[in-house]
Amino acid sequence: MPLLTVESASKSFGALRAVDGVSFSVEPGELFGIAGPNGSGKSTLFNLISGIPFGPDSGRILFAGEDLAGRKGHQIARLGLVRTFQRETAFDTLSVFDNALMGATYGGKGPVPEERSAEALAFVGFAPADFDRKAAELSVYDRKRLMLASALALSPRLLLLDEPASGLTKPEIEALIALIRRIAATGATILLIEHVLTVLLALSQRLMVLNEGSLLVLDRPDVVVRDPRVIRAYLGDRRHVA
């Protein structure tokens, strides 16, 4: 049985159809990539799945066979469906450890939150000496690692990563790819939005492309990047691009 099933999910903002009847499923343990031009509905789709800050207008989203309709974001997170955001969000005035503890407490399950927080921070590469540092002092990459640790402290079964490579240097992107592979190796299922194609090609087992709120193509990454529909969505008519 798929871990995540999205059935005809739709969301509108006035006359704008941000997500338009999207259907797909994600298998347990899969690393599933999502791509698409700016404004194609990728992050809105994450909002619908996670319930943060809203669910779909129509359609169904099932997680481990449970319908998520009517559930709040924290209730969905406590089922094991956890997300990160495009910006490296953190509580700047709190310490590294307290940021992770906020995530662990929000999740509300498993071992005591302090233990989950320390384990998650160590997993992403923070040393105990870093735990008391203020989040505001961290670099962009370290803030992203902290956001990942805060998510991992919830012990997710499905982790939604929204453009984790944005704003990173090439060496940092390579380190991020290695970290995501380590997360996947623990058995977590990962749904990954990314504009950095090298990240999607390196990590995705299947790749879905959205365009104007609709599912354009879903296949192996090497097939998707050669699809004429994908090329047109990103580049327009290639005669004019040339």
# chains A, B, ... in the order shown; residues from 1 in each chain; ligands from 1
$ residues_around --residues "range 85-88 of chain A" --least-positions-apart "6" --cutoff "8 Å" --atoms "only C-alpha atoms" --output "PDB file with C-alpha atoms, in the first residue's frame"
ATOM      1  CA  VAL A 140      22.541  29.610   5.717  1.00  0.00           C
ATOM      2  CA  ARG A 143      20.283  26.962   9.468  1.00  0.00           C
ATOM      3  CA  LYS A 144      19.049  24.486   6.863  1.00  0.00           C
ATOM      4  CA  MET A 147      15.557  23.039  10.152  1.00  0.00           C
ATOM      5  CA  LEU A 161      11.613  18.893   1.795  1.00  0.00           C
ATOM      6  CA  ASP A 162      10.809  22.179   0.031  1.00  0.00           C
ATOM      7  CA  GLU A 163      13.806  23.420  -2.019  1.00  0.00           C
ATOM      8  CA  PRO A 164      16.480  22.552   0.574  1.00  0.00           C
ATOM      9  CA  SER A 166      18.272  27.020  -2.484  1.00  0.00           C
TER      10      SER A 166
END
$ residues_around --residues "Ala188 in chain A" --least-positions-apart "6" --cutoff "12 Å" --atoms "only C-alpha atoms" --output "ChimeraX atom specification"
/A:3,26-32,80-82,151-152,154-160,180-182
$ write_last_selection --atoms "N, CA and C atoms" --output "CSV table (one decimal), in the first residue's frame"
chain,number,residue,atom,x,y,z
A,3,LEU,N,2.4,4.8,0.9
A,3,LEU,CA,2.4,5.6,2.2
A,3,LEU,C,1.6,6.9,2.0
A,26,VAL,N,3.0,7.8,-3.4
A,26,VAL,CA,4.4,7.6,-3.0
A,26,VAL,C,4.5,6.3,-2.2
A,27,GLU,N,5.5,5.5,-2.5
A,27,GLU,CA,5.6,4.2,-1.9
A,27,GLU,C,6.5,4.3,-0.6
A,28,PRO,N,6.3,3.5,0.4
A,28,PRO,CA,7.2,3.5,1.5
A,28,PRO,C,8.7,3.4,1.1
A,29,GLY,N,9.5,4.2,1.7
A,29,GLY,CA,10.9,4.2,1.4
A,29,GLY,C,11.4,4.9,0.2
A,30,GLU,N,10.4,5.4,-0.6
A,30,GLU,CA,10.7,6.0,-1.9
A,30,GLU,C,11.3,7.4,-1.7
A,31,LEU,N,12.2,7.9,-2.6
A,31,LEU,CA,12.6,9.2,-2.6
A,31,LEU,C,12.1,9.8,-3.9
A,32,PHE,N,11.0,10.6,-3.7
A,32,PHE,CA,10.2,11.1,-4.8
A,32,PHE,C,10.4,12.6,-5.1
A,80,GLY,N,3.3,11.4,11.7
A,80,GLY,CA,4.5,11.1,11.1
A,80,GLY,C,4.8,11.8,9.7
A,81,LEU,N,3.9,12.7,9.3
A,81,LEU,CA,4.1,13.4,8.1
A,81,LEU,C,4.6,14.8,8.4
A,82,VAL,N,5.8,15.1,8.0
A,82,VAL,CA,6.5,16.3,8.5
A,82,VAL,C,7.1,17.1,7.3
A,151,ALA,N,12.9,18.9,12.1
A,151,ALA,CA,11.9,18.0,11.4
A,151,ALA,C,12.2,16.6,11.8
A,152,LEU,N,13.4,16.2,11.8
A,152,LEU,CA,13.8,14.8,12.2
A,152,LEU,C,13.5,14.5,13.6
A,154,LEU,N,10.9,15.0,15.0
A,154,LEU,CA,9.5,14.5,15.1
A,154,LEU,C,9.4,13.0,14.7
A,155,SER,N,10.5,12.4,14.4
A,155,SER,CA,10.5,11.0,14.0
A,155,SER,C,9.6,10.7,12.8
A,156,PRO,N,9.8,11.4,11.6
A,156,PRO,CA,8.9,11.4,10.5
A,156,PRO,C,9.0,10.0,9.8
A,157,ARG,N,7.8,9.6,9.3
A,157,ARG,CA,7.7,8.5,8.4
A,157,ARG,C,7.8,9.0,6.9
A,158,LEU,N,7.2,10.2,6.7
A,158,LEU,CA,7.3,10.9,5.4
A,158,LEU,C,7.8,12.3,5.7
A,159,LEU,N,8.9,12.7,5.0
A,159,LEU,CA,9.5,14.0,5.2
A,159,LEU,C,9.4,14.7,3.9
A,160,LEU,N,8.8,15.9,3.9
A,160,LEU,CA,8.6,16.8,2.8
A,160,LEU,C,9.6,17.9,2.8
A,180,ILE,N,20.8,14.0,2.8
A,180,ILE,CA,19.4,13.5,2.4
A,180,ILE,C,19.5,12.0,2.1
A,181,ARG,N,20.6,11.5,1.5
A,181,ARG,CA,20.8,10.1,1.3
A,181,ARG,C,20.9,9.3,2.7
A,182,ARG,N,21.5,9.9,3.7
A,182,ARG,CA,21.6,9.3,5.0
A,182,ARG,C,20.2,9.2,5.6
$ residues_around --residues "Tyr106 in chain A" --least-positions-apart "2" --cutoff "8 Å" --atoms "only C-alpha atoms" --output "PyMOL selection string"
chain A and resi 74+77-78+102-104+108+154
$ write_last_selection --atoms "C-alpha atoms" --output "mmCIF file, in the first residue's frame"
data_model
loop_
_atom_site.group_PDB
_atom_site.id
_atom_site.type_symbol
_atom_site.label_atom_id
_atom_site.label_comp_id
_atom_site.auth_asym_id
_atom_site.auth_seq_id
_atom_site.Cartn_x
_atom_site.Cartn_y
_atom_site.Cartn_z
ATOM 1 C CA HIS A 74 0.125 19.483 14.202
ATOM 2 C CA ALA A 77 2.742 15.934 11.972
ATOM 3 C CA ARG A 78 1.998 13.621 14.895
ATOM 4 C CA MET A 102 10.475 22.875 19.596
ATOM 5 C CA GLY A 103 10.178 20.393 16.739
ATOM 6 C CA ALA A 104 10.336 17.372 19.021
ATOM 7 C CA GLY A 108 4.631 14.794 20.650
ATOM 8 C CA LEU A 154 9.489 14.494 15.093
#
$ residues_around --residues "Phe97 in chain A" --least-positions-apart "6" --cutoff "9 Å" --atoms "only C-alpha atoms" --output "number ranges by chain"
A: 114, 117-118, 121, 130-134, 146
$ write_last_selection --atoms "N, CA and C atoms" --output "PDB file, in the first residue's frame"
ATOM      1  N   GLU A 114      13.819  15.724  24.664  1.00  0.00           N
ATOM      2  CA  GLU A 114      15.232  16.090  24.780  1.00  0.00           C
ATOM      3  C   GLU A 114      16.129  15.062  24.088  1.00  0.00           C
ATOM      4  N   SER A 117      15.745  15.377  20.299  1.00  0.00           N
ATOM      5  CA  SER A 117      16.393  16.608  19.826  1.00  0.00           C
ATOM      6  C   SER A 117      17.895  16.406  19.691  1.00  0.00           C
ATOM      7  N   ALA A 118      18.531  15.859  20.724  1.00  0.00           N
ATOM      8  CA  ALA A 118      19.976  15.643  20.690  1.00  0.00           C
ATOM      9  C   ALA A 118      20.358  14.657  19.583  1.00  0.00           C
ATOM     10  N   LEU A 121      20.031  16.431  16.132  1.00  0.00           N
ATOM     11  CA  LEU A 121      21.113  17.393  15.906  1.00  0.00           C
ATOM     12  C   LEU A 121      22.413  16.675  15.585  1.00  0.00           C
ATOM     13  N   ASP A 130      27.875  22.894  19.817  1.00  0.00           N
ATOM     14  CA  ASP A 130      27.047  23.820  19.040  1.00  0.00           C
ATOM     15  C   ASP A 130      25.660  24.008  19.629  1.00  0.00           C
ATOM     16  N   PHE A 131      25.262  23.140  20.555  1.00  0.00           N
ATOM     17  CA  PHE A 131      23.872  23.120  20.994  1.00  0.00           C
ATOM     18  C   PHE A 131      23.435  24.431  21.641  1.00  0.00           C
ATOM     19  N   ASP A 132      24.360  25.134  22.288  1.00  0.00           N
ATOM     20  CA  ASP A 132      23.998  26.370  22.984  1.00  0.00           C
ATOM     21  C   ASP A 132      24.127  27.621  22.110  1.00  0.00           C
ATOM     22  N   ARG A 133      24.583  27.453  20.879  1.00  0.00           N
ATOM     23  CA  ARG A 133      24.691  28.605  19.989  1.00  0.00           C
ATOM     24  C   ARG A 133      23.301  29.119  19.617  1.00  0.00           C
ATOM     25  N   LYS A 134      23.186  30.435  19.462  1.00  0.00           N
ATOM     26  CA  LYS A 134      21.931  31.017  19.017  1.00  0.00           C
ATOM     27  C   LYS A 134      21.750  30.736  17.520  1.00  0.00           C
ATOM     28  N   LEU A 146      19.723  22.858  10.718  1.00  0.00           N
ATOM     29  CA  LEU A 146      18.929  22.972  11.939  1.00  0.00           C
ATOM     30  C   LEU A 146      17.447  22.733  11.641  1.00  0.00           C
TER      31      LEU A 146
END
$ residues_around --residues "range 4-6 of chain A" --least-positions-apart "4" --cutoff "6 Å" --atoms "only C-alpha atoms" --output "PyMOL selection string"
chain A and resi 23-26+61-63
$ write_last_selection --atoms "N, CA and C atoms" --output "compact mmCIF listing (two decimals), in the first residue's frame"
# COMPACT_ATOMS: atom_id res chain seq x y z
N SER A 23 -3.04 14.03 -8.98
CA SER A 23 -3.11 12.70 -8.38
C SER A 23 -1.77 11.99 -8.54
N PHE A 24 -1.29 11.38 -7.45
CA PHE A 24 -0.09 10.56 -7.49
C PHE A 24 0.02 9.81 -6.17
N SER A 25 0.93 8.87 -6.10
CA SER A 25 1.15 8.15 -4.85
C SER A 25 2.65 7.97 -4.63
N VAL A 26 3.03 7.80 -3.38
CA VAL A 26 4.42 7.62 -2.99
C VAL A 26 4.52 6.34 -2.16
N ILE A 61 -6.49 13.31 0.35
CA ILE A 61 -5.09 12.99 0.65
C ILE A 61 -5.09 11.94 1.75
N LEU A 62 -4.49 10.79 1.45
CA LEU A 62 -4.43 9.67 2.38
C LEU A 62 -2.98 9.45 2.81
N PHE A 63 -2.76 9.32 4.11
CA PHE A 63 -1.45 9.01 4.64
C PHE A 63 -1.54 7.72 5.42
$ residues_around --residues "Leu201 in chain A" --least-positions-apart "5" --cutoff "12 Å" --atoms "only C-alpha atoms" --output "short mmCIF file (atom, residue, chain, number, x, y, z; two decimals) with N, CA and C atoms, in the first residue's frame"
data_model
loop_
_atom_site.label_atom_id
_atom_site.label_comp_id
_atom_site.auth_asym_id
_atom_site.auth_seq_id
_atom_site.Cartn_x
_atom_site.Cartn_y
_atom_site.Cartn_z
N LEU A 31 12.18 7.86 -2.56
CA LEU A 31 12.64 9.24 -2.63
C LEU A 31 12.06 9.82 -3.91
N PHE A 32 11.02 10.62 -3.75
CA PHE A 32 10.16 11.08 -4.84
C PHE A 32 10.39 12.56 -5.07
N GLY A 33 10.80 12.94 -6.29
CA GLY A 33 11.11 14.33 -6.60
C GLY A 33 9.96 15.05 -7.28
N ILE A 34 9.87 16.35 -7.02
CA ILE A 34 8.87 17.21 -7.67
C ILE A 34 9.58 18.43 -8.24
N ALA A 35 9.35 18.68 -9.53
CA ALA A 35 9.94 19.83 -10.21
C ALA A 35 8.83 20.61 -10.90
N ILE A 177 23.15 16.67 -0.41
CA ILE A 177 22.77 15.43 -1.08
C ILE A 177 23.17 14.23 -0.23
N LEU A 192 10.53 15.46 -2.29
CA LEU A 192 11.52 16.53 -2.45
C LEU A 192 11.14 17.48 -3.58
N ILE A 193 10.92 18.75 -3.25
CA ILE A 193 10.80 19.81 -4.25
C ILE A 193 12.16 20.46 -4.43
N GLU A 194 12.56 20.66 -5.68
CA GLU A 194 13.86 21.30 -5.89
C GLU A 194 13.93 21.92 -7.28
N HIS A 195 14.58 23.09 -7.35
CA HIS A 195 14.88 23.72 -8.64
C HIS A 195 16.27 23.32 -9.13
N VAL A 196 17.14 22.89 -8.22
CA VAL A 196 18.50 22.50 -8.61
C VAL A 196 18.42 21.10 -9.21
N ARG A 206 11.71 8.53 -8.63
CA ARG A 206 10.75 8.98 -9.62
C ARG A 206 10.66 10.50 -9.52
N LEU A 207 10.30 11.12 -10.65
CA LEU A 207 10.26 12.58 -10.71
C LEU A 207 8.95 13.01 -11.35
N MET A 208 8.24 13.89 -10.66
CA MET A 208 6.99 14.45 -11.16
C MET A 208 7.20 15.92 -11.49
N ARG A 220 10.71 8.09 -14.47
CA ARG A 220 12.09 8.11 -14.01
C ARG A 220 12.72 9.45 -14.38
N PRO A 221 13.64 9.95 -13.55
CA PRO A 221 14.24 11.26 -13.82
C PRO A 221 14.89 11.37 -15.20
N ASP A 222 15.60 10.32 -15.66
CA ASP A 222 16.27 10.40 -16.95
C ASP A 222 15.28 10.48 -18.09
N VAL A 223 14.09 9.92 -17.90
CA VAL A 223 13.04 10.02 -18.92
C VAL A 223 12.40 11.40 -18.88
N VAL A 224 12.14 11.90 -17.67
CA VAL A 224 11.45 13.18 -17.51
C VAL A 224 12.23 14.33 -18.12
N VAL A 225 13.55 14.38 -17.90
CA VAL A 225 14.32 15.54 -18.36
C VAL A 225 14.44 15.59 -19.89
#
$ decode --residues "range 106-147 of chain A" --atoms "N, CA and C atoms" --output "PDB file, in the first residue's frame"
ATOM      1  N   TYR A 106       6.546  19.571  19.286  1.00  0.00           N
ATOM      2  CA  TYR A 106       5.428  19.693  18.345  1.00  0.00           C
ATOM      3  C   TYR A 106       4.992  18.306  17.879  1.00  0.00           C
ATOM      4  N   GLY A 107       5.983  17.407  17.684  1.00  0.00           N
ATOM      5  CA  GLY A 107       5.666  16.059  17.236  1.00  0.00           C
ATOM      6  C   GLY A 107       4.946  15.245  18.288  1.00  0.00           C
ATOM      7  N   GLY A 108       5.353  15.378  19.545  1.00  0.00           N
ATOM      8  CA  GLY A 108       4.631  14.794  20.650  1.00  0.00           C
ATOM      9  C   GLY A 108       4.538  13.285  20.696  1.00  0.00           C
ATOM     10  N   LYS A 109       5.583  12.549  20.297  1.00  0.00           N
ATOM     11  CA  LYS A 109       5.521  11.089  20.393  1.00  0.00           C
ATOM     12  C   LYS A 109       6.930  10.532  20.504  1.00  0.00           C
ATOM     13  N   GLY A 110       7.047   9.261  20.828  1.00  0.00           N
ATOM     14  CA  GLY A 110       8.347   8.616  20.890  1.00  0.00           C
ATOM     15  C   GLY A 110       9.067   8.919  22.186  1.00  0.00           C
ATOM     16  N   PRO A 111      10.422   8.728  22.205  1.00  0.00           N
ATOM     17  CA  PRO A 111      11.212   9.001  23.407  1.00  0.00           C
ATOM     18  C   PRO A 111      11.051  10.451  23.862  1.00  0.00           C
ATOM     19  N   VAL A 112      11.560  10.757  25.032  1.00  0.00           N
ATOM     20  CA  VAL A 112      11.404  12.117  25.544  1.00  0.00           C
ATOM     21  C   VAL A 112      11.974  13.120  24.544  1.00  0.00           C
ATOM     22  N   PRO A 113      11.367  14.307  24.437  1.00  0.00           N
ATOM     23  CA  PRO A 113      11.780  15.267  23.420  1.00  0.00           C
ATOM     24  C   PRO A 113      13.257  15.630  23.468  1.00  0.00           C
ATOM     25  N   GLU A 114      13.819  15.724  24.664  1.00  0.00           N
ATOM     26  CA  GLU A 114      15.232  16.090  24.780  1.00  0.00           C
ATOM     27  C   GLU A 114      16.129  15.062  24.088  1.00  0.00           C
ATOM     28  N   GLU A 115      15.793  13.790  24.231  1.00  0.00           N
ATOM     29  CA  GLU A 115      16.594  12.748  23.593  1.00  0.00           C
ATOM     30  C   GLU A 115      16.471  12.819  22.074  1.00  0.00           C
ATOM     31  N   ARG A 116      15.249  12.984  21.576  1.00  0.00           N
ATOM     32  CA  ARG A 116      15.043  13.068  20.136  1.00  0.00           C
ATOM     33  C   ARG A 116      15.759  14.285  19.561  1.00  0.00           C
ATOM     34  N   SER A 117      15.745  15.377  20.299  1.00  0.00           N
ATOM     35  CA  SER A 117      16.393  16.608  19.826  1.00  0.00           C
ATOM     36  C   SER A 117      17.895  16.406  19.691  1.00  0.00           C
ATOM     37  N   ALA A 118      18.531  15.859  20.724  1.00  0.00           N
ATOM     38  CA  ALA A 118      19.976  15.643  20.690  1.00  0.00           C
ATOM     39  C   ALA A 118      20.358  14.657  19.583  1.00  0.00           C
ATOM     40  N   GLU A 119      19.579  13.599  19.426  1.00  0.00           N
ATOM     41  CA  GLU A 119      19.868  12.615  18.385  1.00  0.00           C
ATOM     42  C   GLU A 119      19.747  13.225  16.995  1.00  0.00           C
ATOM     43  N   ALA A 120      18.705  14.044  16.778  1.00  0.00           N
ATOM     44  CA  ALA A 120      18.503  14.659  15.470  1.00  0.00           C
ATOM     45  C   ALA A 120      19.618  15.646  15.144  1.00  0.00           C
ATOM     46  N   LEU A 121      20.031  16.431  16.132  1.00  0.00           N
ATOM     47  CA  LEU A 121      21.113  17.393  15.906  1.00  0.00           C
ATOM     48  C   LEU A 121      22.413  16.675  15.585  1.00  0.00           C
ATOM     49  N   ALA A 122      22.712  15.618  16.301  1.00  0.00           N
ATOM     50  CA  ALA A 122      23.925  14.851  16.025  1.00  0.00           C
ATOM     51  C   ALA A 122      23.863  14.215  14.641  1.00  0.00           C
ATOM     52  N   PHE A 123      22.670  13.759  14.243  1.00  0.00           N
ATOM     53  CA  PHE A 123      22.517  13.100  12.943  1.00  0.00           C
ATOM     54  C   PHE A 123      22.875  14.038  11.796  1.00  0.00           C
ATOM     55  N   VAL A 124      22.470  15.324  11.894  1.00  0.00           N
ATOM     56  CA  VAL A 124      22.745  16.265  10.797  1.00  0.00           C
ATOM     57  C   VAL A 124      24.127  16.906  10.924  1.00  0.00           C
ATOM     58  N   GLY A 125      24.881  16.568  11.984  1.00  0.00           N
ATOM     59  CA  GLY A 125      26.257  17.007  12.065  1.00  0.00           C
ATOM     60  C   GLY A 125      26.588  18.075  13.073  1.00  0.00           C
ATOM     61  N   PHE A 126      25.649  18.426  13.950  1.00  0.00           N
ATOM     62  CA  PHE A 126      25.959  19.399  15.000  1.00  0.00           C
ATOM     63  C   PHE A 126      26.672  18.692  16.154  1.00  0.00           C
ATOM     64  N   ALA A 127      27.767  19.288  16.621  1.00  0.00           N
ATOM     65  CA  ALA A 127      28.475  18.772  17.797  1.00  0.00           C
ATOM     66  C   ALA A 127      27.799  19.305  19.060  1.00  0.00           C
ATOM     67  N   PRO A 128      27.943  18.606  20.191  1.00  0.00           N
ATOM     68  CA  PRO A 128      27.348  19.100  21.446  1.00  0.00           C
ATOM     69  C   PRO A 128      27.758  20.536  21.775  1.00  0.00           C
ATOM     70  N   ALA A 129      28.968  20.925  21.366  1.00  0.00           N
ATOM     71  CA  ALA A 129      29.418  22.294  21.635  1.00  0.00           C
ATOM     72  C   ALA A 129      28.588  23.333  20.885  1.00  0.00           C
ATOM     73  N   ASP A 130      27.875  22.894  19.817  1.00  0.00           N
ATOM     74  CA  ASP A 130      27.047  23.820  19.040  1.00  0.00           C
ATOM     75  C   ASP A 130      25.660  24.008  19.629  1.00  0.00           C
ATOM     76  N   PHE A 131      25.262  23.140  20.555  1.00  0.00           N
ATOM     77  CA  PHE A 131      23.872  23.120  20.994  1.00  0.00           C
ATOM     78  C   PHE A 131      23.435  24.431  21.641  1.00  0.00           C
ATOM     79  N   ASP A 132      24.360  25.134  22.288  1.00  0.00           N
ATOM     80  CA  ASP A 132      23.998  26.370  22.984  1.00  0.00           C
ATOM     81  C   ASP A 132      24.127  27.621  22.110  1.00  0.00           C
ATOM     82  N   ARG A 133      24.583  27.453  20.879  1.00  0.00           N
ATOM     83  CA  ARG A 133      24.691  28.605  19.989  1.00  0.00           C
ATOM     84  C   ARG A 133      23.301  29.119  19.617  1.00  0.00           C
ATOM     85  N   LYS A 134      23.186  30.435  19.462  1.00  0.00           N
ATOM     86  CA  LYS A 134      21.931  31.017  19.017  1.00  0.00           C
ATOM     87  C   LYS A 134      21.750  30.736  17.520  1.00  0.00           C
ATOM     88  N   ALA A 135      20.526  30.454  17.116  1.00  0.00           N
ATOM     89  CA  ALA A 135      20.245  30.166  15.714  1.00  0.00           C
ATOM     90  C   ALA A 135      20.616  31.345  14.815  1.00  0.00           C
ATOM     91  N   ALA A 136      20.500  32.556  15.324  1.00  0.00           N
ATOM     92  CA  ALA A 136      20.816  33.750  14.530  1.00  0.00           C
ATOM     93  C   ALA A 136      22.287  33.793  14.115  1.00  0.00           C
ATOM     94  N   GLU A 137      23.157  33.066  14.816  1.00  0.00           N
ATOM     95  CA  GLU A 137      24.586  33.086  14.517  1.00  0.00           C
ATOM     96  C   GLU A 137      24.968  32.129  13.380  1.00  0.00           C
ATOM     97  N   LEU A 138      24.047  31.277  12.973  1.00  0.00           N
ATOM     98  CA  LEU A 138      24.387  30.214  12.032  1.00  0.00           C
ATOM     99  C   LEU A 138      24.416  30.705  10.593  1.00  0.00           C
ATOM    100  N   SER A 139      25.216  30.021   9.772  1.00  0.00           N
ATOM    101  CA  SER A 139      25.237  30.278   8.334  1.00  0.00           C
ATOM    102  C   SER A 139      23.958  29.744   7.702  1.00  0.00           C
ATOM    103  N   VAL A 140      23.732  30.087   6.428  1.00  0.00           N
ATOM    104  CA  VAL A 140      22.541  29.610   5.717  1.00  0.00           C
ATOM    105  C   VAL A 140      22.495  28.081   5.723  1.00  0.00           C
ATOM    106  N   TYR A 141      23.626  27.441   5.412  1.00  0.00           N
ATOM    107  CA  TYR A 141      23.645  25.979   5.369  1.00  0.00           C
ATOM    108  C   TYR A 141      23.374  25.378   6.744  1.00  0.00           C
ATOM    109  N   ASP A 142      23.971  25.961   7.777  1.00  0.00           N
ATOM    110  CA  ASP A 142      23.745  25.433   9.121  1.00  0.00           C
ATOM    111  C   ASP A 142      22.306  25.641   9.578  1.00  0.00           C
ATOM    112  N   ARG A 143      21.693  26.740   9.145  1.00  0.00           N
ATOM    113  CA  ARG A 143      20.283  26.962   9.468  1.00  0.00           C
ATOM    114  C   ARG A 143      19.408  25.918   8.765  1.00  0.00           C
ATOM    115  N   LYS A 144      19.784  25.550   7.556  1.00  0.00           N
ATOM    116  CA  LYS A 144      19.049  24.486   6.863  1.00  0.00           C
ATOM    117  C   LYS A 144      19.221  23.154   7.588  1.00  0.00           C
ATOM    118  N   ARG A 145      20.440  22.891   8.057  1.00  0.00           N
ATOM    119  CA  ARG A 145      20.648  21.662   8.829  1.00  0.00           C
ATOM    120  C   ARG A 145      19.819  21.679  10.108  1.00  0.00           C
ATOM    121  N   LEU A 146      19.723  22.858  10.718  1.00  0.00           N
ATOM    122  CA  LEU A 146      18.929  22.972  11.939  1.00  0.00           C
ATOM    123  C   LEU A 146      17.447  22.733  11.641  1.00  0.00           C
ATOM    124  N   MET A 147      16.949  23.268  10.526  1.00  0.00           N
ATOM    125  CA  MET A 147      15.557  23.039  10.152  1.00  0.00           C
ATOM    126  C   MET A 147      15.310  21.549   9.908  1.00  0.00           C
TER     127      MET A 147
END
